[in-house]
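Q: Take a look at data24.cif, mmCIF, C-alpha atoms and all ligand atoms:
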data_structure
loop_
_atom_site.label_atom_id
_atom_site.label_comp_id
_atom_site.auth_asym_id
_atom_site.auth_seq_id
_atom_site.Cartn_x
_atom_site.Cartn_y
_atom_site.Cartn_z
CA MET W 28 136.80 -94.15 -99.42
CA ALA W 29 137.09 -95.20 -95.77
CA ILE W 30 137.16 -92.32 -93.34
CA LYS W 31 138.84 -92.86 -89.96
CA VAL W 32 136.65 -92.21 -86.95
CA SER W 33 138.90 -91.76 -83.91
CA GLN W 34 142.10 -90.02 -82.80
CA ILE W 35 140.34 -86.81 -81.91
CA GLN W 36 140.42 -86.26 -78.16
CA ARG W 37 137.09 -86.13 -76.32
CA ILE W 38 137.39 -84.15 -73.10
CA ASP W 39 134.80 -83.13 -70.53
CA ARG W 40 134.14 -79.40 -70.29
CA SER W 41 135.22 -79.42 -66.64
CA ASP W 42 138.83 -80.15 -67.68
CA LYS W 43 139.77 -76.81 -69.23
CA GLU W 44 143.51 -77.43 -68.99
CA ALA W 45 143.24 -80.71 -70.91
CA ILE W 46 141.13 -78.98 -73.57
CA ILE W 47 143.80 -76.30 -73.97
CA GLU W 48 146.53 -78.96 -74.17
CA ALA W 49 144.59 -80.85 -76.85
CA ILE W 50 144.10 -77.69 -78.92
CA ILE W 51 147.82 -76.90 -78.63
CA ARG W 52 148.75 -80.43 -79.72
CA ASP W 53 146.06 -81.27 -82.30
CA GLY W 54 144.53 -77.88 -83.14
CA CYS W 55 141.15 -79.29 -82.15
CA CYS W 56 139.17 -81.50 -79.79
CA ILE W 57 135.63 -82.48 -78.87
CA ILE W 58 134.32 -80.93 -75.67
CA GLN W 59 131.88 -83.27 -73.96
CA ASN W 60 128.95 -82.00 -71.88
CA PHE W 61 129.41 -78.57 -73.40
CA THR W 62 125.67 -77.85 -73.27
CA ASP W 63 122.38 -79.65 -72.59
CA ILE W 64 119.70 -81.13 -74.81
CA ALA W 65 117.05 -78.54 -73.92
CA THR W 66 119.35 -75.67 -75.01
CA VAL W 67 120.20 -77.40 -78.28
CA GLN W 68 116.53 -78.08 -79.02
CA LYS W 69 115.70 -74.42 -78.43
CA VAL W 70 118.42 -73.28 -80.82
CA ASN W 71 117.26 -75.82 -83.40
CA ALA W 72 113.71 -74.49 -83.19
CA GLU W 73 114.84 -70.85 -83.42
CA VAL W 74 116.86 -71.39 -86.61
CA GLN W 75 114.41 -73.72 -88.36
CA PRO W 76 112.38 -71.00 -90.16
CA TYR W 77 115.60 -69.45 -91.48
CA LEU W 78 116.96 -72.80 -92.68
CA GLU W 79 113.71 -73.43 -94.51
CA ALA W 80 113.85 -69.99 -96.14
CA ASP W 81 117.49 -70.35 -97.28
CA LYS W 82 118.30 -70.99 -100.94
CA PRO W 83 120.69 -73.42 -102.63
CA TRP W 84 124.21 -72.11 -103.14
CA LYS W 85 125.47 -71.80 -106.74
CA GLY W 86 129.21 -72.11 -106.36
CA ASP W 87 131.88 -74.13 -104.63
CA LEU W 88 131.62 -72.77 -101.09
CA PHE W 89 128.72 -75.04 -100.11
CA PRO W 90 127.01 -77.98 -101.80
CA PRO W 91 123.55 -77.04 -103.13
CA GLU W 92 121.88 -79.37 -100.60
CA THR W 93 123.22 -77.31 -97.65
CA ARG W 94 121.00 -74.74 -95.95
CA ARG W 95 122.34 -72.04 -93.66
CA CYS W 96 121.11 -69.67 -91.01
CA SER W 97 123.48 -66.70 -91.02
CA ASN W 98 123.35 -64.03 -88.30
CA LEU W 99 122.83 -66.79 -85.76
CA ALA W 100 123.41 -64.36 -82.87
CA GLY W 101 120.67 -62.05 -84.09
CA ARG W 102 118.21 -64.81 -84.92
CA SER W 103 118.63 -67.30 -82.09
CA PRO W 104 118.37 -65.71 -78.64
CA THR W 105 119.37 -69.04 -77.09
CA ALA W 106 122.51 -69.39 -79.20
CA ARG W 107 123.40 -65.78 -78.40
CA GLU W 108 122.71 -65.75 -74.68
CA SER W 109 123.84 -69.29 -73.90
CA LEU W 110 126.33 -70.78 -76.38
CA LEU W 111 128.03 -67.61 -77.60
CA ILE W 112 128.76 -66.25 -74.13
CA ASP W 113 129.61 -69.57 -72.52
CA PRO W 114 132.45 -68.97 -70.02
CA LEU W 115 134.45 -71.89 -71.44
CA VAL W 116 134.23 -70.39 -74.94
CA ARG W 117 135.47 -67.11 -73.52
CA ALA W 118 138.31 -68.81 -71.62
CA LEU W 119 139.45 -70.54 -74.82
CA THR W 120 139.19 -67.47 -77.03
CA ALA W 121 141.09 -65.53 -74.33
CA THR W 122 143.83 -68.17 -74.41
CA PHE W 123 144.17 -68.54 -78.17
CA ILE W 124 142.81 -65.38 -79.82
CA ASP W 125 143.06 -62.34 -77.53
CA LYS W 126 146.09 -60.22 -78.38
CA THR W 127 148.14 -58.24 -75.89
CA THR W 128 150.89 -55.83 -76.90
CA SER W 129 152.87 -53.11 -75.13
CA ASN W 130 154.29 -49.84 -76.34
CA PHE W 131 155.32 -46.45 -75.08
CA TYR W 132 152.80 -43.61 -74.91
CA GLY W 133 155.24 -40.80 -74.29
CA SER W 134 157.50 -41.95 -71.48
CA THR W 135 155.22 -44.60 -69.97
CA LYS W 136 154.83 -48.09 -71.23
CA HIS W 137 151.24 -49.22 -71.77
CA THR W 138 149.88 -52.69 -72.30
CA TYR W 139 146.66 -53.22 -74.22
CA THR W 140 144.59 -56.34 -74.82
CA SER W 141 142.26 -56.67 -77.80
CA GLU W 142 139.64 -59.27 -76.92
CA ALA W 143 138.27 -61.77 -79.41
CA VAL W 144 134.93 -61.03 -81.05
CA CYS W 145 132.50 -63.30 -82.83
CA SER W 146 133.39 -62.87 -86.49
CA ILE W 147 130.54 -65.01 -87.80
CA ALA W 148 127.94 -67.33 -86.30
CA MET W 149 125.95 -69.57 -88.58
CA THR W 150 124.03 -72.84 -88.66
CA PHE W 151 125.04 -75.36 -91.34
CA ASP W 152 122.35 -77.85 -92.31
CA ILE W 153 123.82 -80.38 -94.74
CA GLY W 154 121.08 -82.18 -96.66
CA PRO W 155 121.04 -85.75 -98.03
CA GLY W 156 123.18 -86.18 -101.14
CA ALA W 157 125.52 -83.27 -100.37
CA GLN W 158 129.15 -83.75 -101.31
CA ALA W 159 131.94 -82.93 -98.87
CA GLN W 160 133.45 -79.47 -98.92
CA ARG W 161 137.08 -79.21 -99.95
CA LEU W 162 139.52 -79.26 -97.03
CA HIS W 163 140.31 -75.69 -96.07
CA ARG W 164 141.54 -73.37 -93.36
CA ASP W 165 138.86 -70.96 -92.15
CA ASP W 166 141.52 -68.31 -91.52
CA LYS W 167 142.10 -67.91 -95.25
CA ASN W 168 139.83 -64.87 -94.95
CA PHE W 169 142.41 -63.32 -92.63
CA HIS W 170 145.43 -64.04 -94.86
CA VAL W 171 147.50 -65.75 -92.19
CA ASP W 172 151.03 -66.72 -93.24
CA HIS W 173 151.42 -70.07 -91.50
CA THR W 174 154.98 -71.17 -90.82
CA ASP W 175 155.98 -74.77 -90.17
CA GLN W 176 155.64 -75.55 -86.45
CA THR W 177 155.73 -79.32 -86.73
CA ALA W 178 159.22 -79.48 -85.20
CA THR W 179 158.94 -76.68 -82.64
CA GLY W 180 155.41 -77.32 -81.40
CA TYR W 181 152.58 -74.82 -81.43
CA ARG W 182 153.18 -71.22 -80.42
CA ILE W 183 150.06 -69.76 -78.81
CA GLY W 184 149.23 -66.59 -80.69
CA SER W 185 149.85 -68.11 -84.14
CA ASP W 186 146.13 -68.21 -84.90
CA VAL W 187 143.87 -65.20 -85.32
CA MET W 188 140.61 -67.12 -85.23
CA MET W 189 139.00 -70.25 -83.81
CA ALA W 190 135.70 -72.05 -84.19
CA PHE W 191 133.16 -73.78 -81.97
CA MET W 192 130.55 -76.04 -83.52
CA VAL W 193 127.58 -77.35 -81.55
CA PRO W 194 125.59 -80.13 -83.23
CA GLY W 195 121.82 -79.81 -83.44
CA LEU W 196 121.65 -83.58 -83.97
CA ALA W 197 124.28 -86.29 -83.54
CA THR W 198 126.74 -86.05 -86.43
CA THR W 199 128.08 -89.20 -88.06
CA VAL W 200 130.34 -90.15 -90.96
CA ALA W 201 127.15 -90.93 -92.89
CA ASN W 202 125.32 -87.65 -92.30
CA GLY W 203 128.33 -85.38 -92.88
CA ALA W 204 130.28 -84.99 -89.63
CA THR W 205 133.02 -82.38 -89.97
CA LEU W 206 136.25 -83.84 -91.38
CA ALA W 207 139.49 -82.57 -89.88
CA ILE W 208 143.22 -83.23 -89.94
CA PRO W 209 144.47 -83.08 -86.34
CA GLY W 210 147.91 -81.47 -86.24
CA SER W 211 147.45 -79.56 -89.51
CA HIS W 212 147.39 -76.26 -87.56
CA LEU W 213 151.19 -76.76 -87.43
CA TRP W 214 151.64 -76.94 -91.20
CA ASN W 215 153.08 -74.17 -93.28
CA SER W 216 151.09 -72.54 -96.03
CA ASP W 217 152.70 -74.68 -98.75
CA ARG W 218 151.59 -78.08 -97.46
CA ALA W 219 148.49 -79.45 -99.18
CA PRO W 220 145.89 -81.32 -97.11
CA ARG W 221 144.82 -84.72 -98.40
CA LEU W 222 141.48 -86.35 -97.73
CA HIS W 223 142.97 -89.61 -96.49
CA GLU W 224 144.62 -87.66 -93.66
CA ALA W 225 141.24 -86.42 -92.39
CA ILE W 226 139.21 -87.87 -89.55
CA ALA W 227 135.48 -87.48 -88.98
CA ALA W 228 134.69 -85.54 -85.80
CA GLU W 229 131.51 -87.41 -84.89
CA LEU W 230 129.58 -85.42 -82.31
CA ASP W 231 126.86 -86.32 -79.84
CA VAL W 232 124.19 -83.79 -79.00
CA THR W 233 125.58 -81.65 -76.09
CA ASP W 234 129.18 -81.97 -77.46
CA CYS W 235 131.07 -79.06 -79.00
CA TRP W 236 133.75 -79.30 -81.67
CA VAL W 237 136.50 -76.73 -81.22
CA MET W 238 139.26 -75.98 -83.73
CA LEU W 239 141.82 -73.31 -84.54
CA GLY W 240 141.47 -71.23 -87.70
CA GLY W 241 144.60 -72.86 -89.13
CA LEU W 242 143.24 -76.42 -88.90
CA TYR W 243 142.36 -78.08 -92.19
CA HIS W 244 138.79 -79.34 -92.12
CA ALA W 245 135.64 -79.61 -94.26
CA GLY W 246 131.95 -80.25 -93.88
CA GLY W 247 131.52 -83.97 -94.70
CA ALA W 248 129.39 -85.59 -97.39
CA ASN W 249 125.86 -86.55 -96.39
CA VAL W 250 125.31 -90.00 -97.87
CA THR W 251 122.08 -90.71 -96.00
CA ALA W 252 118.75 -90.93 -97.82
CA ALA W 253 116.84 -88.52 -95.63
CA ASP W 254 118.83 -87.27 -92.60
CA ARG W 255 119.89 -83.66 -92.32
CA ARG W 256 123.11 -82.72 -90.49
CA VAL W 257 122.63 -79.56 -88.44
CA VAL W 258 125.55 -77.83 -86.70
CA HIS W 259 125.55 -74.40 -85.07
CA GLY W 260 128.92 -72.72 -85.70
CA MET W 261 130.49 -69.80 -83.84
CA PHE W 262 133.72 -68.34 -85.21
CA PHE W 263 135.82 -65.89 -83.20
CA SER W 264 138.58 -63.65 -84.51
CA ARG W 265 140.95 -61.09 -83.08
CA GLY W 266 138.99 -58.05 -81.91
CA TYR W 267 141.14 -55.68 -83.94
CA LEU W 268 140.54 -57.34 -87.30
CA ARG W 269 138.13 -54.64 -88.33
CA GLN W 270 138.08 -51.01 -89.41
CA GLU W 271 139.01 -48.42 -86.81
CA GLU W 272 136.01 -46.20 -87.57
CA ASN W 273 132.63 -47.92 -87.67
CA VAL W 274 131.18 -46.00 -90.61
CA TYR W 275 128.49 -48.63 -91.13
CA LEU W 276 126.61 -47.22 -88.14
CA ALA W 277 127.34 -43.59 -88.95
CA ASN W 278 125.89 -43.36 -92.47
CA ALA W 279 122.35 -44.01 -93.66
CA PRO W 280 121.86 -46.53 -96.53
CA GLU W 281 120.57 -43.90 -98.96
CA GLU W 282 123.63 -41.73 -98.29
CA VAL W 283 126.01 -44.62 -98.92
CA LEU W 284 124.17 -45.64 -102.11
CA ALA W 285 124.75 -42.11 -103.46
CA TRP W 286 128.54 -42.33 -102.97
CA SER W 287 130.84 -43.08 -105.91
CA PRO W 288 131.72 -46.77 -106.41
CA ALA W 289 135.34 -45.99 -105.55
CA ALA W 290 134.33 -44.36 -102.27
CA GLN W 291 131.96 -47.22 -101.42
CA LYS W 292 134.75 -49.68 -102.07
CA VAL W 293 137.43 -47.91 -100.08
CA MET W 294 135.06 -47.43 -97.15
CA GLY W 295 134.56 -51.20 -96.93
CA TYR W 296 131.20 -51.69 -98.64
CA GLY W 297 132.73 -54.32 -100.89
CA LEU W 298 134.12 -57.69 -99.79
CA SER W 299 137.64 -58.62 -98.81
CA SER W 300 138.75 -61.67 -100.79
CA PRO W 301 137.92 -64.44 -100.38
CA ASN W 302 134.78 -64.30 -98.20
CA LEU W 303 134.85 -61.46 -95.73
CA GLY W 304 132.33 -58.71 -95.11
CA PHE W 305 129.12 -60.19 -96.51
CA VAL W 306 125.69 -59.72 -94.99
CA GLY W 307 122.89 -62.21 -95.61
CA PHE W 308 125.21 -63.79 -98.24
CA GLN W 309 125.21 -60.57 -100.24
CA THR W 310 127.67 -57.72 -100.61
CA PRO W 311 126.82 -54.79 -98.34
CA LEU W 312 125.75 -52.76 -101.39
CA GLN W 313 123.39 -55.47 -102.66
CA TYR W 314 121.97 -55.62 -99.17
CA LEU W 315 121.52 -51.85 -98.93
CA ARG W 316 119.82 -51.82 -102.34
CA GLY W 317 117.42 -54.52 -101.07
CA GLU W 318 118.28 -56.81 -103.97
CA VAL W 319 116.37 -60.10 -103.98
CA SER W 320 118.26 -63.09 -105.31
CA GLU W 321 117.08 -66.64 -106.01
CA SER W 322 120.50 -68.09 -105.23
CA PHE W 323 123.86 -67.06 -103.90
CA GLY W 324 127.26 -67.70 -105.44
CA ASP W 325 130.89 -67.64 -104.33
CA PHE W 326 132.12 -64.22 -103.33
CA ASP W 327 135.48 -64.73 -105.03
CA PRO W 328 134.90 -66.99 -108.05
CA SER W 329 138.64 -67.67 -108.35
CA GLN W 330 138.02 -70.21 -105.58
CA GLU W 331 136.04 -72.47 -107.88
CA GLU W 332 137.64 -75.87 -108.39
CA GLY W 333 140.29 -75.69 -111.08
CA LYS W 334 140.33 -71.89 -111.22
CA GLY W 335 143.03 -69.62 -109.85
CA MET W 336 143.54 -71.08 -106.39
CA LYS W 337 145.74 -74.11 -105.80
O1 LIG R 1 129.67 -77.87 -91.87
C1 LIG R 1 130.77 -78.14 -91.42
O2 LIG R 1 131.02 -79.19 -90.78
C2 LIG R 1 131.93 -77.22 -91.62
C3 LIG R 1 131.59 -76.02 -92.47
C4 LIG R 1 132.80 -75.27 -92.80
O3 LIG R 1 133.88 -75.66 -92.51
C5 LIG R 1 132.74 -73.99 -93.52
O4 LIG R 1 131.69 -73.68 -94.15
O5 LIG R 1 133.74 -73.25 -93.48
FE FE R 2 135.36 -74.17 -92.57
#
Render the structure in this file as structure tokens.

A:
Amino acid sequence: MAIKVSQIQRIDRSDKEAIIEAIIRDGCCIIQNFTDIATVQKVNAEVQPYLEADKPWKGDLFPPETRRCSNLAGRSPTARESLLIDPLVRALTATFIDKTTSNFYGSTKHTYTSEAVCSIAMTFDIGPGAQAQRLHRDDKNFHVDHTDQTATGYRIGSDVMMAFMVPGLATTVANGATLAIPGSHLWNSDRAPRLHEAIAAELDVTDCWVMLGGLYHAGGANVTAADRRVVHGMFFSRGYLRQEENVYLANAPEEVLAWSPAAQKVMGYGLSSPNLGFVGFQTPLQYLRGEVSESFGDFDPSQEEGKGMK
């Protein structure tokens, strides 16, 4: 199948307004000169041991040839202190993800802003022979009800998450560049994405791919014989999409492991379907028990092709 290679806007990082306009119109764009080669090389080196230690996935979420480095912020000081806190990233998450509301506290009206947080940061290393992921919206984890905005145009505030992906190496159609359907952030939840509508977001080193959580996209197939496709992903969500009380810091593992299963579950030590709340690709309880696994599988098996989900 031929995959189209253009139609995604490429905009220099100095033109913030044009980047915002492109995201409003297409739900995505490529930011040029986002970072520099030395920074990317440092991040690549910092994640390499973790990519090598990762295990093949047994499920539909990732092809078995893909390796990941989860907890990118904890493991790569350069990703954390350079890419993650980049002022342009913050300006874009402030524009699209921060949430401000007002209400009365007694007789005075107060306005509060919840700032975006990094929901997950992870390196995706797609190995030779990997098949493409299925087209999906990353915000499925946040259960967003998308309404049709194709006629009205995009309303800022419709998305609760957005992603930034910085390539470790140039990405190409052949090595598995991210596939995306520009404009699909405007679709309602009933419209199915089709592969022929997708375009490959080919990235040069120092570029950054940015997309809203409602944009249909997928990691591409790697049809090369020996090239790996490495991309460092940072995903930001609304700051309030979490529990009010942070019990994870307040209770020791051995205490939590002694709780009843129902209490563990209601306190958030399970996962929210489909893929939210894992740690090191395990459930929090598996992690606390120190379980060692030779492979990881889908968190919600109903996602497997042909099962449950449409
Ligand atoms: O690897 C990529 O290009 C995208 C990965 C992705 O979309 C995902 O795992 O949700
Ligand atoms: Fe995704």

Q: Please identify the residues whose atoms come within 8 Å of ligand FE 2 (chain R), using all atoms listed in the file, and report them as a ChimeraX atom specification.

A: /W:162-165,244-246

Q: In terms of the shortest atom-to-atom distance over only C-alpha atoms, which of W:Asn71, W:Thr233, W:Thr105, W:Gln34 is closest to W:Ile208?

A: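 Nearest to W:Ile208: W:Gln34.
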
Q: So what do you get for atom CA of W:Asp254 versus atom CA of W:Ile226, distance-wise?

A: 20.6 Å

Q: If you take all atoms listed in the file and a cut-off of 12 Å, which residues of stretch 175-245 of chain W touch stretch 120-128 of chain W, and what are their nearest atom pairs and distances in Å to one decimal, in chain and number order, as CSV?

A:
residue,atom,partner,partner_atom,distance
W:Tyr181,CA,W:Phe123,CA,11.0
W:Arg182,CA,W:Phe123,CA,9.7
W:Ile183,CA,W:Phe123,CA,6.0
W:Gly184,CA,W:Phe123,CA,6.0
W:Ser185,CA,W:Phe123,CA,8.3
W:Asp186,CA,W:Ile124,CA,6.7
W:Val187,CA,W:Ile124,CA,5.6
W:Met188,CA,W:Ile124,CA,6.1
W:Met189,CA,W:Thr120,CA,7.3
W:Ala190,CA,W:Thr120,CA,9.2
W:Phe191,CA,W:Thr120,CA,10.0
W:Val237,CA,W:Thr120,CA,10.5
W:Met238,CA,W:Phe123,CA,10.5
W:Leu239,CA,W:Phe123,CA,8.3
W:Gly240,CA,W:Ile124,CA,9.9
W:Gly241,CA,W:Phe123,CA,11.8

Q: Give the answer as one residue: which of W:Asp231, W:Asp166, W:Asp217, W:Asp87 has the shortest atom-to-atom distance to W:Asp327, using only C-alpha atoms?

A: W:Asp87

Q: Quick one: pull the distance between atom CA of W:Ser103 and atom CA of W:Cys145, Å, one decimal.

A: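 Taking atom CA of W:Ser103 and atom CA of W:Cys145, their separation equals 14.5 Å.
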
Q: Quick one, how far is atom CA of W:Ser300 from atom CA of W:Val274?

A: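 Between atom CA of W:Ser300 and atom CA of W:Val274 the gap is 20.2 Å.
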
Q: Which chains and residue numbers are within 10 Å of ligand LIG 1 (chain R), counting only C-alpha atoms and all ligand atoms, if I want them as a short mmCIF file (atom, residue, chain, number, x, y, z; two decimals) with C-alpha atoms, keeping the file's coordinate frame?

A:
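Wrote it out as result.cif, contents follow:
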data_model
loop_
_atom_site.label_atom_id
_atom_site.label_comp_id
_atom_site.auth_asym_id
_atom_site.auth_seq_id
_atom_site.Cartn_x
_atom_site.Cartn_y
_atom_site.Cartn_z
CA LEU W 88 131.62 -72.77 -101.09
CA PHE W 89 128.72 -75.04 -100.11
CA PRO W 90 127.01 -77.98 -101.80
CA THR W 93 123.22 -77.31 -97.65
CA ARG W 95 122.34 -72.04 -93.66
CA MET W 149 125.95 -69.57 -88.58
CA THR W 150 124.03 -72.84 -88.66
CA PHE W 151 125.04 -75.36 -91.34
CA ASP W 152 122.35 -77.85 -92.31
CA ILE W 153 123.82 -80.38 -94.74
CA ALA W 159 131.94 -82.93 -98.87
CA GLN W 160 133.45 -79.47 -98.92
CA ARG W 161 137.08 -79.21 -99.95
CA LEU W 162 139.52 -79.26 -97.03
CA HIS W 163 140.31 -75.69 -96.07
CA ARG W 164 141.54 -73.37 -93.36
CA ASP W 165 138.86 -70.96 -92.15
CA ASP W 166 141.52 -68.31 -91.52
CA ALA W 190 135.70 -72.05 -84.19
CA MET W 192 130.55 -76.04 -83.52
CA PRO W 194 125.59 -80.13 -83.23
CA THR W 198 126.74 -86.05 -86.43
CA GLY W 203 128.33 -85.38 -92.88
CA ALA W 204 130.28 -84.99 -89.63
CA THR W 205 133.02 -82.38 -89.97
CA LEU W 206 136.25 -83.84 -91.38
CA ALA W 207 139.49 -82.57 -89.88
CA ALA W 227 135.48 -87.48 -88.98
CA ALA W 228 134.69 -85.54 -85.80
CA TRP W 236 133.75 -79.30 -81.67
CA GLY W 240 141.47 -71.23 -87.70
CA TYR W 243 142.36 -78.08 -92.19
CA HIS W 244 138.79 -79.34 -92.12
CA ALA W 245 135.64 -79.61 -94.26
CA GLY W 246 131.95 -80.25 -93.88
CA GLY W 247 131.52 -83.97 -94.70
CA ALA W 248 129.39 -85.59 -97.39
CA ARG W 256 123.11 -82.72 -90.49
CA VAL W 257 122.63 -79.56 -88.44
CA VAL W 258 125.55 -77.83 -86.70
CA HIS W 259 125.55 -74.40 -85.07
CA GLY W 260 128.92 -72.72 -85.70
CA PHE W 262 133.72 -68.34 -85.21
#

Q: Kindly indicate which residue among W:Val232, W:Leu213, W:Ile47, W:Met261 lies nearest to W:Ala65, using all atoms listed in the file for the distances.

A: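 Result for the nearest residue to W:Ala65: W:Val232.
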
Q: May I ask which of the residues W:Ala100, W:Leu268, W:Ala49, W:Ala290 is the closest one to W:Glu142, counting all atoms listed in the file?

A: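 Closest candidate: W:Leu268.
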
Q: How big is the axis-aligned box around all listed atoms of stretch 94-103 of chain W once 6 Å goes on each side, and where's its centre, in Å to one decimal, as lines of an AutoDock Vina configuration file?

A:
center_x = 120.8
center_y = -68.4
center_z = -89.0
size_x = 17.3
size_y = 24.7
size_z = 25.9

Q: Show me the residues around (138.1, -62.9, -97.6) - criterion: an atom at most 8 Å away, all atoms listed in the file counted - as a count of residues only.

A: 11

Q: Determine, counting all atoms listed in the file, which protein, DNA and RNA residues have an atom within 12 Å of an atom of W:Met294; residues of the same chain fewer than 2 positions away are not included. Present the result as an mmCIF file with C-alpha atoms, in the frame of the given file.

A:
data_model
loop_
_atom_site.group_PDB
_atom_site.id
_atom_site.type_symbol
_atom_site.label_atom_id
_atom_site.label_comp_id
_atom_site.auth_asym_id
_atom_site.auth_seq_id
_atom_site.Cartn_x
_atom_site.Cartn_y
_atom_site.Cartn_z
ATOM 1 C CA ARG W 269 138.130 -54.640 -88.330
ATOM 2 C CA GLN W 270 138.080 -51.010 -89.410
ATOM 3 C CA GLU W 271 139.010 -48.420 -86.810
ATOM 4 C CA GLU W 272 136.010 -46.200 -87.570
ATOM 5 C CA ASN W 273 132.630 -47.920 -87.670
ATOM 6 C CA VAL W 274 131.180 -46.000 -90.610
ATOM 7 C CA TYR W 275 128.490 -48.630 -91.130
ATOM 8 C CA ALA W 277 127.340 -43.590 -88.950
ATOM 9 C CA ASN W 278 125.890 -43.360 -92.470
ATOM 10 C CA VAL W 283 126.010 -44.620 -98.920
ATOM 11 C CA TRP W 286 128.540 -42.330 -102.970
ATOM 12 C CA SER W 287 130.840 -43.080 -105.910
ATOM 13 C CA PRO W 288 131.720 -46.770 -106.410
ATOM 14 C CA ALA W 289 135.340 -45.990 -105.550
ATOM 15 C CA ALA W 290 134.330 -44.360 -102.270
ATOM 16 C CA GLN W 291 131.960 -47.220 -101.420
ATOM 17 C CA LYS W 292 134.750 -49.680 -102.070
ATOM 18 C CA TYR W 296 131.200 -51.690 -98.640
ATOM 19 C CA GLY W 297 132.730 -54.320 -100.890
ATOM 20 C CA LEU W 298 134.120 -57.690 -99.790
ATOM 21 C CA SER W 299 137.640 -58.620 -98.810
ATOM 22 C CA GLY W 304 132.330 -58.710 -95.110
ATOM 23 C CA PRO W 311 126.820 -54.790 -98.340
ATOM 24 C CA LEU W 312 125.750 -52.760 -101.390
#

Q: Using all atoms listed in the file, find the one residue out of W:Gly195, W:Ile112, W:Phe131, W:Arg37 that sits nearest to W:Ala143.

A: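 Once distances to W:Ala143 are computed over all atoms listed in the file, the minimum belongs to W:Ile112.
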
Q: Is it possible to get the residues within 12 Å of (116.8, -63.8, -104.7) (coordinates as in the file, counting only C-alpha atoms) written as an MDAnalysis selection string?

A: chainID W and resid 80:85 307:309 313:314 317:324

Q: Which is closer to W:Trp214 than all the others in W:Val200, W:Gly295, W:Arg316, W:Asp53, using only C-alpha atoms?

A: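 Counting only C-alpha atoms, the residue closest to W:Trp214 is W:Asp53.
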